[in-house]
Number of protein chains: 2
Amino acid sequence: MGRWAWWPRPCTVCAALILQLLYSAGCRPAPAPSHTLIPVPATIEVIDAAPFVFNDSTRIVYDADSPGAEHVARFLSDLIGNTVETMPTVEPVAAGAPLTNVVHMRYSVGPQQGNDAGEGYRLRVTAEQIELEGDGVAGLFYGAATIRQLLPALVEYTAAYPNPLAVPAVSISDSPRFEWRGAMLDVSRHFLPAGDVKRFIDLMAIYKLNRLHLHLADDQGWRIEIPGRPLLTEIGSSTQVGGKGGGYYSTDQYRDIVQYAADRFITIVPEIDLPGHTNAALASYAELNCDNRARSTYTGTSVGFSSVCVEREETYEFIDDVIRELAAMTPGRYIHVGGDEVETLTEEQYVMFVDRVEEIVARHDKLIVGWDEVAAADLSSGSRVQLWRPLWPAGGDTATLDSARAAAASVLRQRVDRAVANGVSFIVSPADRIYLDMKYTPTTTLGLTWAGVNDVRDAYEWDISDVFSGIPESAIAGVEAPLWSESLGSIHDFEYMAFPRLPGVAELGWSPADTRDWQDYRQRLAGHELRWKVMGVNYHRSRLVPWSD
Amino acid sequence: MGRWAWWPRPCTVCAALILQLLYSAGCRPAPAPSHTLIPVPATIEVIDAAPFVFNDSTRIVYDADSPGAEHVARFLSDLIGNTVETMPTVEPVAAGAPLTNVVHMRYSVGPQQGNDAGEGYRLRVTAEQIELEGDGVAGLFYGAATIRQLLPALVEYTAAYPNPLAVPAVSISDSPRFEWRGAMLDVSRHFLPAGDVKRFIDLMAIYKLNRLHLHLADDQGWRIEIPGRPLLTEIGSSTQVGGKGGGYYSTDQYRDIVQYAADRFITIVPEIDLPGHTNAALASYAELNCDNRARSTYTGTSVGFSSVCVEREETYEFIDDVIRELAAMTPGRYIHVGGDEVETLTEEQYVMFVDRVEEIVARHDKLIVGWDEVAAADLSSGSRVQLWRPLWPAGGDTATLDSARAAAASVLRQRVDRAVANGVSFIVSPADRIYLDMKYTPTTTLGLTWAGVNDVRDAYEWDISDVFSGIPESAIAGVEAPLWSESLGSIHDFEYMAFPRLPGVAELGWSPADTRDWQDYRQRLAGHELRWKVMGVNYHRSRLVPWSD
């Protein structure tokens, strides 16, 4: 997505400043939260009783007939084993065996609960044991993620000398509101090496995020090796914004990222942006251009100027090659095909193109996701639309809109209604809320401002039912925070823009709407600072958050 | 170095706390420094005049007959080009040509100045131009490092959108006090991947540090590929403290690190610790053990238990193989051969061993550095001794020492005097001052305490003439801050222990003794916080430093 000029939001900025002044003056001290969990569980009771303390005899056990549980048990043991003297042993036990001094993992029986049964869990911590019941293996993982946040921050050290570890007594029943809880990394405008992507996956996993959308191709760079199409990496990968650098993931590296993410219950959603945002491909293969002349590589930050030639069969052969190879390396159901900001095609050409791409993706047993422009086509059931444009006003009052924006909103509204009727579902990514490349404040050095400034509160304090009113919740797959990288040159920069906003996106996607409470949230968020310091996260010290240091 | 139990230093801790209370209560506000340069230049005048501002026409030029200057000019252009719209062009000019809107680099003529002439420089910034005169190419690089610190912190971003850049008007004449201004990374106890070592080199270069000592072999891991000795990496590299992980640098990776450092005027000093701290080698090659039986790998944190068999010729063949290969990849003059904490040999055996190792190193055209125990041998001229044990009291008053320590200090004193007479010089690394793995305060989670706690002030406010009294300054090569990694598991942990102490070590090594002023320094140090944030440095927010945020 490029710059888009409609959304100054000075009122939000002013309101945030005034509130900050009020709170720093102590006008309305909020009660301290009883825990700092993010996302906040659906129900939680903090019990005034002795905690569970890990010692040399503590075991992590799982019911012997629980496939996949050992993986989660080892993940937790590895985490704890970095900090305590003796790594907890991991072993299966017979169901119903009497147990003490254990973390005990098992699956629920009977009808499963929650809107995505496999991800729900129940957790009960007493001085004697930690009982974790998952609706599926993902549920066990999310229960373990909750245990992780209940442990002191120093559990995140990988080599600090042994320290005691205690988990407070709690009773939690939890499951996610939405299936799709994602983030997107634009690795095209500036390339992120594979190790940095894994680092970002580690940070996502702490917050129960489960989709990582990788924006693998744009005008400035092609980032994925495609067997049989070597010029994509020889030419298309050689550049990035500003000119210096570039890079790509080999098929082995991509598969490794996919597996690393899967081990943390995160599905990779690869994006090849089409038909626009394609200059890197157009520079690599001349036949993708209507004039059969390869374009020069591009290192600026304009958008909208490029398109593959939608009238040539070579284009669809190319797309088939790319999607086939990508599908073969991608276990997830979805491939993102972009579709945004095309300024060089007629609507008829564009719709024809989206139809053909949807067919190609289906031929390789995948479903498409596209940016909201793709709703111009008559999409198939199962396709997904990612709503990004900040077109609709809070509360749905279109009378406040200028005429151009009202017209655009009206067109998108009609298309969305048709898509809902077709069985399409939606991923919600409003640029004026959770585009993580928007500056925090007007003085933030990194980032852009075309959709306004999104401070921590802006990114947290909203709901899908307000922003995209009229879409039934059953048609909402979930939420995703894109992080575009025109102005970001390193993992440090990516982290600075993602933290502390990304945990709020995780809570929007996971927690019930009626738990949303900014005063409570900002205090919980402050409690995560020490963990980020331990992990070396380069976070922004927003003045809206009551950091303890 | 392991733990060593003699140095509690409660008075230093108390004094620091009391001072902190006084300053936070505003009892003695120190005057704000006129700049935040670290290390502080030998002489600096900040001029009340218009700054130099980079614009689209600014050039970086160097006198056409100045070999090496183009490298420094490009380094500066790359840095600035990340931030301004147009990267400054780099070009040679005829000496004496009239110039405006340039950074102009040239070499000094006539007799060179300073105690290491090649590293000194003069810098004059006006609104019209920046004139930089170096005593050698290193001097140009250090002048460029000063320009870097005079530029706003956002110059460190690699992709932030264009911002204006100004350099305040100053006149500086500067050269280092000591030749050797170093840091040491223990990559044996926990391995640091090559990319992380380069990151650390980047951070060192900001502070004009010029030696990176890599502790490449210890009981817990062997970290360098040695052609012809494959078991060192097959077996010896497979472990680290705590058991998980390990790793090594291939010869290509090592050469790449050496070149990357050299491009930043940093010399790599590789260390193979001998004859003790050798369990990883003893586990790899059975013939290094007197009983001809390979040892098991080791992942604990004890010291002193291991030694190669000093009576077997196989040992010296092994050392010859290792030193030969290492010397071939190492352009620097020095190879560090350890020598510390040997508890299983007689003094006679130890001295014989050090003599033979010195010969082997000389055969490969290098000189040795050893930890201070090696002064037990009758060392050759040009060898270097690294003083690490906190044996000598501040002010030289040995009456305050307990008897065991006084005896050890007396023995070392005699050996040092002999070494001085032999033409040996010294690298100063007192554990109770600048061992960066010592905790900042008793509550720091990372790090150890066997030499006490070293807060930022402890690491800065001392002088070699106090701590190692009696060694003539002409016999002091310089200063080096070791960073041992028993408790450090990632580059984030290494950074946390190095920052903010390492810049103080750089100032100790570079700046004249009479510039040392803690009240001034702590304010300059606070001015570096934003730069570290921009670079994503995981620094410790010591309460002794008046951070602005």
# chains A, B, ... in the order shown; residues from 1 in each chain; ligands from 1
>>> interface_residues(of="chain B", to="chain A", cutoff="10 Å", atoms="only C-alpha atoms", output="PyMOL selection string")
chain B and resi 78+81-82+85+154+157-163+189-190+241-242+244+445-448+485-493+495-496+532-541+543+549
>>> select_by_dssp(residues="segment 87-321 of chain B", states="alpha helix (DSSP H)", output="number ranges by chain")
B: 137-150, 194-206, 231, 251-263, 279-284, 313-321
>>> residues_around(residues="Val310 of chain B", least_positions_apart="6", cutoff="9 Å", atoms="only C-alpha atoms", output="JSON, numbers by chain")
{"B": [275, 288, 289, 290, 316, 345, 349, 350, 352, 353]}
>>> write_last_selection(atoms="N, CA and C atoms", output="PDB file, in the first residue's frame")
ATOM      1  N   PRO B 275      47.528 -23.304  28.660  1.00  0.00           N
ATOM      2  CA  PRO B 275      47.274 -24.739  28.497  1.00  0.00           C
ATOM      3  C   PRO B 275      45.953 -25.180  29.141  1.00  0.00           C
ATOM      4  N   LEU B 288      46.000 -35.107  23.138  1.00  0.00           N
ATOM      5  CA  LEU B 288      46.353 -33.919  23.926  1.00  0.00           C
ATOM      6  C   LEU B 288      46.297 -34.202  25.429  1.00  0.00           C
ATOM      7  N   ASN B 289      45.756 -35.380  25.787  1.00  0.00           N
ATOM      8  CA  ASN B 289      45.644 -35.768  27.186  1.00  0.00           C
ATOM      9  C   ASN B 289      46.807 -36.696  27.550  1.00  0.00           C
ATOM     10  N   CYS B 290      47.355 -36.510  28.759  1.00  0.00           N
ATOM     11  CA  CYS B 290      48.487 -37.344  29.171  1.00  0.00           C
ATOM     12  C   CYS B 290      48.112 -38.823  29.179  1.00  0.00           C
ATOM     13  N   TYR B 316      52.496 -29.996  21.247  1.00  0.00           N
ATOM     14  CA  TYR B 316      53.132 -28.870  20.546  1.00  0.00           C
ATOM     15  C   TYR B 316      52.902 -28.960  19.046  1.00  0.00           C
ATOM     16  N   LEU B 345      49.169 -27.743  36.920  1.00  0.00           N
ATOM     17  CA  LEU B 345      50.583 -27.865  36.548  1.00  0.00           C
ATOM     18  C   LEU B 345      51.467 -27.269  37.650  1.00  0.00           C
ATOM     19  N   GLN B 349      56.521 -26.580  35.084  1.00  0.00           N
ATOM     20  CA  GLN B 349      55.838 -27.052  33.864  1.00  0.00           C
ATOM     21  C   GLN B 349      55.199 -25.875  33.113  1.00  0.00           C
ATOM     22  N   TYR B 350      54.568 -25.002  33.879  1.00  0.00           N
ATOM     23  CA  TYR B 350      53.833 -23.881  33.279  1.00  0.00           C
ATOM     24  C   TYR B 350      54.786 -22.950  32.523  1.00  0.00           C
ATOM     25  N   MET B 352      57.817 -23.574  31.366  1.00  0.00           N
ATOM     26  CA  MET B 352      58.348 -24.273  30.193  1.00  0.00           C
ATOM     27  C   MET B 352      57.337 -24.218  29.045  1.00  0.00           C
ATOM     28  N   PHE B 353      56.069 -24.425  29.395  1.00  0.00           N
ATOM     29  CA  PHE B 353      55.015 -24.424  28.372  1.00  0.00           C
ATOM     30  C   PHE B 353      54.883 -23.042  27.725  1.00  0.00           C
TER      31      PHE B 353
END
>>> residues_around(residues="segment 172-186 of chain B", least_positions_apart="3", cutoff="7 Å", atoms="only C-alpha atoms", output="number ranges by chain")
B: 41-45, 114-116, 119-124, 189, 209-215, 477-485, 506, 509-512
>>> atom_distance(atom1="atom CA of Ala262 of chain B", atom2="atom CA of Pro331 of chain B")
9.3 Å
>>> residues_around(residues="Gly338 of chain B", least_positions_apart="6", cutoff="12 Å", atoms="only C-alpha atoms", output="PyMOL selection string")
chain B and resi 1+213-218+269-278+307+353-354+357-358+368-375+384-388
>>> residues_around(residues="Leu367 of chain A", least_positions_apart="5", cutoff="12 Å", atoms="only C-alpha atoms", output="ChimeraX atom specification")
/A:269-270,323,327,330-337,357-362,379-385,424-425
>>> write_last_selection(atoms="N, CA, C and O atoms", output="compact mmCIF listing (two decimals), in the first residue's frame")
# COMPACT_ATOMS: atom_id res chain seq x y z
N VAL A 269 1.28 -16.91 5.31
CA VAL A 269 0.43 -16.56 4.17
C VAL A 269 1.31 -15.77 3.20
O VAL A 269 1.59 -14.59 3.41
N PRO A 270 1.78 -16.42 2.12
CA PRO A 270 2.68 -15.71 1.20
C PRO A 270 1.87 -14.83 0.26
O PRO A 270 0.79 -15.21 -0.19
N ILE A 323 2.58 -19.61 -8.69
CA ILE A 323 1.62 -20.13 -7.71
C ILE A 323 1.85 -21.62 -7.47
O ILE A 323 1.76 -22.10 -6.33
N ALA A 327 2.64 -22.79 -3.85
CA ALA A 327 1.66 -23.68 -3.20
C ALA A 327 2.34 -24.95 -2.71
O ALA A 327 2.01 -25.47 -1.63
N THR A 330 3.91 -24.29 0.64
CA THR A 330 3.08 -23.58 1.61
C THR A 330 1.96 -24.48 2.10
O THR A 330 1.00 -24.72 1.36
N PRO A 331 2.03 -24.99 3.31
CA PRO A 331 0.95 -25.87 3.78
C PRO A 331 -0.35 -25.14 4.09
O PRO A 331 -1.42 -25.76 4.08
N GLY A 332 -0.31 -23.84 4.36
CA GLY A 332 -1.54 -23.10 4.66
C GLY A 332 -2.50 -23.09 3.48
O GLY A 332 -2.10 -23.30 2.33
N ARG A 333 -3.77 -22.81 3.75
CA ARG A 333 -4.79 -22.86 2.69
C ARG A 333 -4.76 -21.64 1.78
O ARG A 333 -5.31 -21.69 0.68
N TYR A 334 -4.19 -20.55 2.26
CA TYR A 334 -4.35 -19.29 1.54
C TYR A 334 -3.06 -18.78 0.90
O TYR A 334 -2.00 -18.85 1.50
N ILE A 335 -3.24 -18.28 -0.33
CA ILE A 335 -2.18 -17.51 -0.98
C ILE A 335 -2.74 -16.12 -1.28
O ILE A 335 -3.84 -15.99 -1.82
N HIS A 336 -1.98 -15.11 -0.87
CA HIS A 336 -2.43 -13.73 -1.05
C HIS A 336 -1.96 -13.27 -2.43
O HIS A 336 -0.79 -13.42 -2.76
N VAL A 337 -2.90 -12.73 -3.21
CA VAL A 337 -2.55 -12.33 -4.58
C VAL A 337 -2.61 -10.81 -4.78
O VAL A 337 -2.63 -10.32 -5.91
N VAL A 357 -6.86 -15.30 -11.98
CA VAL A 357 -5.93 -15.62 -10.90
C VAL A 357 -6.60 -16.53 -9.87
O VAL A 357 -6.00 -17.48 -9.36
N GLU A 358 -7.86 -16.23 -9.56
CA GLU A 358 -8.60 -17.08 -8.61
C GLU A 358 -8.64 -18.53 -9.13
O GLU A 358 -8.45 -19.48 -8.37
N GLU A 359 -8.85 -18.67 -10.45
CA GLU A 359 -8.86 -20.02 -11.05
C GLU A 359 -7.51 -20.71 -10.92
O GLU A 359 -7.42 -21.90 -10.63
N ILE A 360 -6.44 -19.95 -11.19
CA ILE A 360 -5.10 -20.55 -11.12
C ILE A 360 -4.81 -21.02 -9.70
O ILE A 360 -4.31 -22.13 -9.49
N VAL A 361 -5.13 -20.19 -8.74
CA VAL A 361 -4.87 -20.55 -7.34
C VAL A 361 -5.69 -21.79 -6.97
O VAL A 361 -5.19 -22.71 -6.31
N ALA A 362 -6.95 -21.83 -7.42
CA ALA A 362 -7.80 -22.99 -7.13
C ALA A 362 -7.22 -24.26 -7.75
O ALA A 362 -7.28 -25.34 -7.14
N LEU A 379 -16.30 -12.84 -6.51
CA LEU A 379 -15.40 -13.82 -5.88
C LEU A 379 -16.11 -15.10 -5.49
O LEU A 379 -17.32 -15.13 -5.24
N SER A 380 -15.34 -16.16 -5.43
CA SER A 380 -15.87 -17.48 -5.06
C SER A 380 -15.96 -17.61 -3.55
O SER A 380 -15.24 -16.95 -2.80
N SER A 381 -16.80 -18.54 -3.13
CA SER A 381 -16.91 -18.88 -1.72
C SER A 381 -15.56 -19.35 -1.21
O SER A 381 -14.87 -20.12 -1.87
N GLY A 382 -15.19 -18.91 -0.03
CA GLY A 382 -13.91 -19.31 0.55
C GLY A 382 -12.80 -18.31 0.30
O GLY A 382 -11.80 -18.30 1.02
N SER A 383 -12.95 -17.48 -0.72
CA SER A 383 -11.95 -16.42 -0.91
C SER A 383 -12.05 -15.42 0.23
O SER A 383 -13.07 -15.34 0.91
N ARG A 384 -10.96 -14.70 0.42
CA ARG A 384 -10.95 -13.74 1.52
C ARG A 384 -10.53 -12.36 1.02
O ARG A 384 -9.67 -12.23 0.16
N VAL A 385 -11.15 -11.36 1.63
CA VAL A 385 -10.88 -9.97 1.27
C VAL A 385 -10.29 -9.26 2.48
O VAL A 385 -10.82 -9.36 3.58
N VAL A 424 -17.78 -15.12 0.91
CA VAL A 424 -16.42 -14.60 1.14
C VAL A 424 -16.33 -14.14 2.60
O VAL A 424 -17.31 -13.66 3.16
N SER A 425 -15.17 -14.28 3.22
CA SER A 425 -14.99 -13.71 4.55
C SER A 425 -13.88 -12.66 4.53
O SER A 425 -13.14 -12.54 3.55
>>> closest_residue(among="A:Gly504, A:Gly247, A:Gly470, A:Pro39", to="Ala145 of chain A", atoms="only C-alpha atoms")
A:Pro39
>>> select_by_dssp(residues="segment 266-346 of chain B", states="strand (DSSP E)", output="list in words")
Thr267, Ile268, Val269, Pro270, Glu271, Ile272, Asp273, Leu274, Tyr334, Ile335, His336, Val337 and Gly338 of chain B
>>> closest_residue(among="A:Ile47, A:Ile226, A:Val197, A:Leu544", to="Val258 of chain A", atoms="only C-alpha atoms")
A:Val197
>>> residues_around(residues="Phe265 of chain B", least_positions_apart="4", cutoff="8 Å", atoms="only C-alpha atoms", output="PyMOL selection string")
chain B and resi 138+141+205+210+261
